[in-house]
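Visitor: For reference, the file coords.cif (mmCIF, C-alpha atoms) is included below:
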data_my_file
#
loop_
_atom_site.group_PDB
_atom_site.id
_atom_site.type_symbol
_atom_site.label_atom_id
_atom_site.label_comp_id
_atom_site.auth_asym_id
_atom_site.auth_seq_id
_atom_site.Cartn_x
_atom_site.Cartn_y
_atom_site.Cartn_z
ATOM 1 C CA MET B 1 -28.271 -78.006 -11.245
ATOM 2 C CA GLN B 2 -30.013 -80.673 -9.253
ATOM 3 C CA PHE B 3 -33.213 -80.079 -11.266
ATOM 4 C CA ARG B 4 -31.341 -80.595 -14.498
ATOM 5 C CA ASN B 5 -29.875 -83.952 -13.379
ATOM 6 C CA THR B 6 -33.262 -85.223 -12.230
ATOM 7 C CA ARG B 7 -34.800 -84.230 -15.509
ATOM 8 C CA GLN B 8 -32.055 -85.969 -17.495
ATOM 9 C CA ALA B 9 -32.355 -89.086 -15.358
ATOM 10 C CA SER B 10 -36.122 -89.237 -15.881
ATOM 11 C CA PHE B 11 -35.766 -88.619 -19.582
ATOM 12 C CA GLY B 12 -33.086 -91.287 -19.836
ATOM 13 C CA LYS B 13 -35.251 -93.887 -18.080
ATOM 14 C CA PHE B 14 -38.256 -92.922 -20.171
ATOM 15 C CA GLY B 15 -36.265 -93.242 -23.399
ATOM 16 C CA ALA B 16 -34.880 -96.656 -22.483
ATOM 17 C CA GLY B 17 -38.340 -97.884 -21.515
ATOM 18 C CA ASN B 18 -39.737 -96.754 -24.839
ATOM 19 C CA ARG B 19 -37.076 -98.690 -26.708
ATOM 20 C CA ARG B 20 -37.857 -101.854 -24.736
ATOM 21 C CA ALA B 21 -41.588 -101.369 -25.274
ATOM 22 C CA PHE B 22 -41.033 -100.783 -29.008
ATOM 23 C CA PHE B 23 -39.001 -103.959 -29.454
ATOM 24 C CA SER B 24 -41.460 -106.014 -27.434
ATOM 25 C CA ILE B 25 -44.415 -105.035 -29.674
ATOM 26 C CA VAL B 26 -42.638 -105.438 -33.019
ATOM 27 C CA PRO B 27 -43.589 -109.154 -33.282
ATOM 28 C CA LEU B 28 -47.210 -108.234 -32.542
ATOM 29 C CA ILE B 29 -47.204 -105.603 -35.288
ATOM 30 C CA LEU B 30 -45.726 -108.088 -37.780
ATOM 31 C CA MET B 31 -48.364 -110.694 -36.932
ATOM 32 C CA MET B 32 -51.133 -108.131 -37.381
ATOM 33 C CA GLY B 33 -49.694 -107.256 -40.782
ATOM 34 C CA ILE B 34 -50.029 -110.883 -41.864
ATOM 35 C CA TRP B 35 -53.697 -110.904 -40.796
ATOM 36 C CA LEU B 36 -54.318 -107.731 -42.763
ATOM 37 C CA ILE B 37 -53.133 -109.168 -46.082
ATOM 38 C CA PRO B 38 -56.025 -108.565 -48.459
ATOM 39 C CA HIS B 39 -58.211 -111.615 -48.863
ATOM 40 C CA SER B 40 -61.811 -112.330 -49.530
ATOM 41 C CA LYS B 41 -64.174 -114.981 -48.274
ATOM 42 C CA ILE B 42 -66.366 -116.542 -50.944
ATOM 43 C CA VAL B 43 -69.351 -118.668 -49.973
ATOM 44 C CA MET B 44 -70.279 -121.309 -52.524
ATOM 45 C CA SER B 45 -73.892 -122.100 -53.459
ATOM 46 C CA SER B 46 -75.047 -125.701 -53.107
ATOM 47 C CA SER B 47 -77.398 -127.514 -55.458
ATOM 48 C CA ALA B 48 -80.692 -129.187 -54.571
ATOM 49 C CA SER B 49 -78.997 -132.589 -54.933
ATOM 50 C CA VAL B 50 -76.750 -131.864 -51.898
ATOM 51 C CA PRO B 51 -78.689 -129.231 -49.891
ATOM 52 C CA ALA B 52 -76.692 -129.715 -46.680
ATOM 53 C CA ALA B 53 -73.332 -129.135 -48.398
ATOM 54 C CA LYS B 54 -71.406 -126.001 -47.448
ATOM 55 C CA GLY B 55 -68.443 -124.624 -49.340
ATOM 56 C CA VAL B 56 -66.205 -121.671 -48.489
ATOM 57 C CA MET B 57 -63.127 -120.317 -50.234
ATOM 58 C CA HIS B 58 -60.561 -117.802 -49.087
ATOM 59 C CA ALA B 59 -58.990 -115.951 -51.999
ATOM 60 C CA THR B 60 -55.639 -114.175 -51.799
ATOM 61 C CA HIS B 61 -52.844 -113.300 -54.216
ATOM 62 C CA ASP B 62 -49.352 -114.732 -54.184
ATOM 63 C CA GLY B 63 -46.136 -112.824 -54.925
ATOM 64 C CA ASN B 64 -46.717 -113.215 -58.671
ATOM 65 C CA LYS B 65 -50.274 -111.824 -58.422
ATOM 66 C CA ASN B 66 -51.815 -115.242 -59.081
ATOM 67 C CA THR B 67 -55.132 -115.979 -57.401
ATOM 68 C CA LYS B 68 -54.793 -118.486 -54.570
ATOM 69 C CA LEU B 69 -57.995 -120.226 -53.501
ATOM 70 C CA GLU B 70 -58.203 -122.268 -50.340
ATOM 71 C CA MET B 71 -61.432 -124.237 -50.584
ATOM 72 C CA SER B 72 -63.024 -126.130 -47.719
ATOM 73 C CA VAL B 73 -66.272 -128.054 -47.899
ATOM 74 C CA HIS B 74 -68.457 -129.601 -45.219
ATOM 75 C CA TYR B 75 -71.402 -132.001 -45.199
ATOM 76 C CA LEU B 76 -70.738 -133.208 -48.750
ATOM 77 C CA ALA B 77 -71.727 -136.840 -49.346
ATOM 78 C CA GLN B 78 -69.212 -139.308 -50.706
ATOM 79 C CA PRO B 79 -69.439 -139.297 -54.528
ATOM 80 C CA GLY B 80 -70.359 -143.002 -54.517
ATOM 81 C CA ALA B 81 -73.433 -142.217 -52.377
ATOM 82 C CA LEU B 82 -74.928 -139.951 -55.053
ATOM 83 C CA THR B 83 -77.589 -141.002 -57.547
ATOM 84 C CA PRO B 84 -76.219 -141.693 -60.085
ATOM 85 C CA SER B 85 -73.052 -142.842 -58.367
ATOM 86 C CA ALA B 86 -69.749 -141.112 -59.174
ATOM 87 C CA ALA B 87 -66.095 -141.928 -58.598
ATOM 88 C CA ALA B 88 -64.817 -138.449 -57.672
ATOM 89 C CA TYR B 89 -65.641 -134.788 -57.214
ATOM 90 C CA VAL B 90 -63.755 -132.584 -59.650
ATOM 91 C CA VAL B 91 -63.151 -128.841 -59.200
ATOM 92 C CA TRP B 92 -63.454 -126.775 -62.370
ATOM 93 C CA LEU B 93 -62.460 -123.193 -63.210
ATOM 94 C CA GLN B 94 -64.231 -121.655 -66.169
ATOM 95 C CA PRO B 95 -63.238 -118.186 -67.389
ATOM 96 C CA ASN B 96 -65.863 -116.190 -69.299
ATOM 97 C CA ASN B 97 -66.448 -117.534 -72.813
ATOM 98 C CA ASP B 98 -63.863 -120.299 -72.444
ATOM 99 C CA SER B 99 -63.863 -124.017 -71.686
ATOM 100 C CA ALA B 100 -63.693 -125.400 -68.144
ATOM 101 C CA GLN B 101 -60.336 -126.425 -66.691
ATOM 102 C CA ASN B 102 -60.003 -129.455 -64.393
ATOM 103 C CA LYS B 103 -58.158 -128.190 -61.298
ATOM 104 C CA GLY B 104 -58.128 -131.427 -59.385
ATOM 105 C CA GLU B 105 -60.051 -133.884 -57.289
ATOM 106 C CA LEU B 106 -61.823 -132.699 -54.176
ATOM 107 C CA LYS B 107 -61.354 -135.640 -51.827
ATOM 108 C CA ILE B 108 -64.035 -136.094 -49.200
ATOM 109 C CA GLY B 109 -63.236 -137.859 -45.940
ATOM 110 C CA LYS B 110 -65.483 -140.109 -43.906
ATOM 111 C CA ASP B 111 -66.433 -137.009 -41.895
ATOM 112 C CA ARG B 112 -67.895 -135.556 -45.153
ATOM 113 C CA ASN B 113 -65.328 -132.713 -45.166
ATOM 114 C CA GLY B 114 -62.702 -131.894 -47.752
ATOM 115 C CA SER B 115 -60.288 -129.190 -48.854
ATOM 116 C CA LEU B 116 -58.269 -128.182 -51.879
ATOM 117 C CA THR B 117 -55.879 -125.315 -52.644
ATOM 118 C CA ILE B 118 -55.788 -123.954 -56.185
ATOM 119 C CA LEU B 119 -53.384 -121.451 -57.736
ATOM 120 C CA THR B 120 -54.384 -119.778 -61.007
ATOM 121 C CA PRO B 121 -53.406 -116.699 -63.026
ATOM 122 C CA LEU B 122 -57.126 -116.093 -63.708
ATOM 123 C CA LYS B 123 -58.840 -113.140 -62.005
ATOM 124 C CA ARG B 124 -62.494 -113.612 -63.107
ATOM 125 C CA PHE B 125 -64.031 -117.037 -63.445
ATOM 126 C CA GLU B 126 -66.694 -119.425 -62.283
ATOM 127 C CA ILE B 127 -65.598 -122.239 -59.985
ATOM 128 C CA TYR B 128 -67.707 -125.323 -59.483
ATOM 129 C CA VAL B 129 -67.599 -128.893 -58.269
ATOM 130 C CA THR B 130 -69.134 -131.785 -60.205
ATOM 131 C CA PRO B 131 -69.370 -135.513 -59.521
ATOM 132 C CA GLU B 132 -67.509 -137.369 -62.278
ATOM 133 C CA GLN B 133 -66.708 -140.946 -63.266
ATOM 134 C CA SER B 134 -62.982 -140.090 -63.229
ATOM 135 C CA ALA B 135 -60.850 -137.497 -61.434
ATOM 136 C CA GLU B 136 -59.057 -136.965 -64.766
ATOM 137 C CA ALA B 137 -62.217 -135.903 -66.616
ATOM 138 C CA THR B 138 -61.476 -133.447 -69.432
ATOM 139 C CA ALA B 139 -64.908 -131.801 -69.442
ATOM 140 C CA PRO B 140 -67.604 -131.552 -66.776
ATOM 141 C CA THR B 141 -70.480 -133.999 -67.229
ATOM 142 C CA GLY B 142 -72.176 -133.935 -63.839
ATOM 143 C CA ASP B 143 -74.403 -131.325 -62.221
ATOM 144 C CA HIS B 144 -72.760 -128.543 -60.250
ATOM 145 C CA VAL B 145 -73.029 -129.514 -56.571
ATOM 146 C CA LEU B 146 -71.193 -126.370 -55.363
ATOM 147 C CA SER B 147 -70.479 -123.205 -57.335
ATOM 148 C CA ALA B 148 -69.374 -119.583 -57.064
ATOM 149 C CA ASN B 149 -68.237 -116.677 -59.201
ATOM 150 C CA VAL B 150 -64.823 -115.243 -58.427
ATOM 151 C CA SER B 151 -63.700 -111.746 -59.325
ATOM 152 C CA GLN B 152 -60.317 -110.715 -57.931
#
Turn this file's structure into structure tokens for me.
Guide:
Amino acid sequence: MQFRNTRQASFGKFGAGNRRAFFSIVPLILMMGIWLIPHSKIVMSSSASVPAAKGVMHATHDGNKNTKLEMSVHYLAQPGALTPSAAAYVVWLQPNNDSAQNKGELKIGKDRNGSLTILTPLKRFEIYVTPEQSAEATAPTGDHVLSANVSQ
């Protein structure tokens, strides 16, 4: 009888400890799940006109299965410092066999860094950045300073 009580007491302590351990690691498991959300890193190619420029995008999908792109660029000169001078950098998405879509101005700080988040229903397209005379340009006129193909 004494053996049985000891065994139950050990089992009881072990079971309670497991419950505490389980509840203490649940937040860790949830955080790891967020990190494991499918995403891809896309490195953009730079042109000869801005050889030091670096561009990276992280692509994910939102709840509606839209493509979400988080673009960050580094070492990109101010558009006014280019030859010929420009007023803004514009980010364009161009699906296969279709016209380019202006997705907004990529603003560059004094530190020569910038970022832009884009949400689109497109899954396959080319993305590129051009220097333009206006952030509201309706068609790209400048050379591609950064570019990449996206296939989600």
Visitor: Hey, what's within 9 Å of His144 of chain B if we count only C-alpha atoms and toss same-chain stuff fewer than 6 positions away? As a PDB file with C-alpha atoms, in the coordinates of the input, please?
Guide:
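After the write, selection32.pdb holds the following:
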ATOM      1  CA  SER B  46     -75.047-125.701 -53.107  1.00  0.00           C
ATOM      2  CA  SER B  47     -77.398-127.514 -55.458  1.00  0.00           C
ATOM      3  CA  TYR B 128     -67.707-125.323 -59.483  1.00  0.00           C
ATOM      4  CA  VAL B 129     -67.599-128.893 -58.269  1.00  0.00           C
ATOM      5  CA  THR B 130     -69.134-131.785 -60.205  1.00  0.00           C
ATOM      6  CA  PRO B 131     -69.370-135.513 -59.521  1.00  0.00           C
TER       7      PRO B 131
END
Visitor: Considering all atoms listed in the file, return as a list of chain:residue names whatever protein or nucleic-acid residues lie within 6 Å of His58 of chain B, sequence-local ones (same chain, fewer than 6 positions apart) excluded.
Guide: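 Final neighbour list, sorted by chain and number: B:Ser40, B:Lys41, B:Leu69, B:Glu70.
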Visitor: Expanded to explicit residues, what is the PyMOL selection byres ((chain B and resi 83-89) around 9) for this file, as a list in words?
Guide: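 When the PyMOL selection byres ((chain B and resi 83-89) around 9) is applied, the selected residues are Ser49, Gln78, Pro79, Gly80, Ala81, Leu82, Val90, Val91, Gly104, Glu105, Leu106, Lys107, Ile108, Val129, Thr130, Pro131, Glu132, Gln133, Ser134, Ala135 and Gly142 of chain B.
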Visitor: Would you mind listing what lies within 10 Å of segment 112-119 of chain B as number ranges by chain, with all atoms listed in the file counted and same-chain residues fewer than 5 positions away left out?
Guide: B: 53-62, 66-78, 91, 93, 103-107
Visitor: Quick one: distance from atom CA of Gln94 of chain B to atom CA of Gly109 of chain B in Å, one decimal?
Guide: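 Computing it gives 25.9 Å between the two atoms.
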Visitor: For a test of reading the model, state the distance in Å between atom CA of Pro121 of chain B and atom CA of Trp92 of chain B, rounded to one decimal.
Guide: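 About the pair atom CA of Pro121 of chain B and atom CA of Trp92 of chain B: they are 14.2 Å apart.
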Visitor: Atom CA of Pro95 of chain B to atom CA of Val145 of chain B: how many Å, to one decimal?
Guide: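 Those two atoms sit 18.5 Å apart.
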Visitor: Selected by the PyMOL selection byres ((chain B and resi 44) around 6) in the shown coordinates: which residues, as a list in words?
Guide: Val43, Ser45, Gly55, Val56, Leu146, Ser147 and Ala148 of chain B
Visitor: Starting from 8 Å padding per side, set up an axis-aligned box that covers all listed atoms of segment 72-75 of chain B and hand over centre and edge lengths in Å, one decimal, as AutoDock Vina command-line options.
Guide:
--center_x -67.2 --center_y -129.1 --center_z -46.5 --size_x 24.4 --size_y 21.9 --size_z 18.7
Visitor: Find, counting all atoms listed in the file, the residue in B:Asn96, B:Glu136, B:Pro51, B:Asn102 that gets nearest to Val150 of chain B.
Guide: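 Answer, going by the shortest atom-to-atom distance: B:Asn96.
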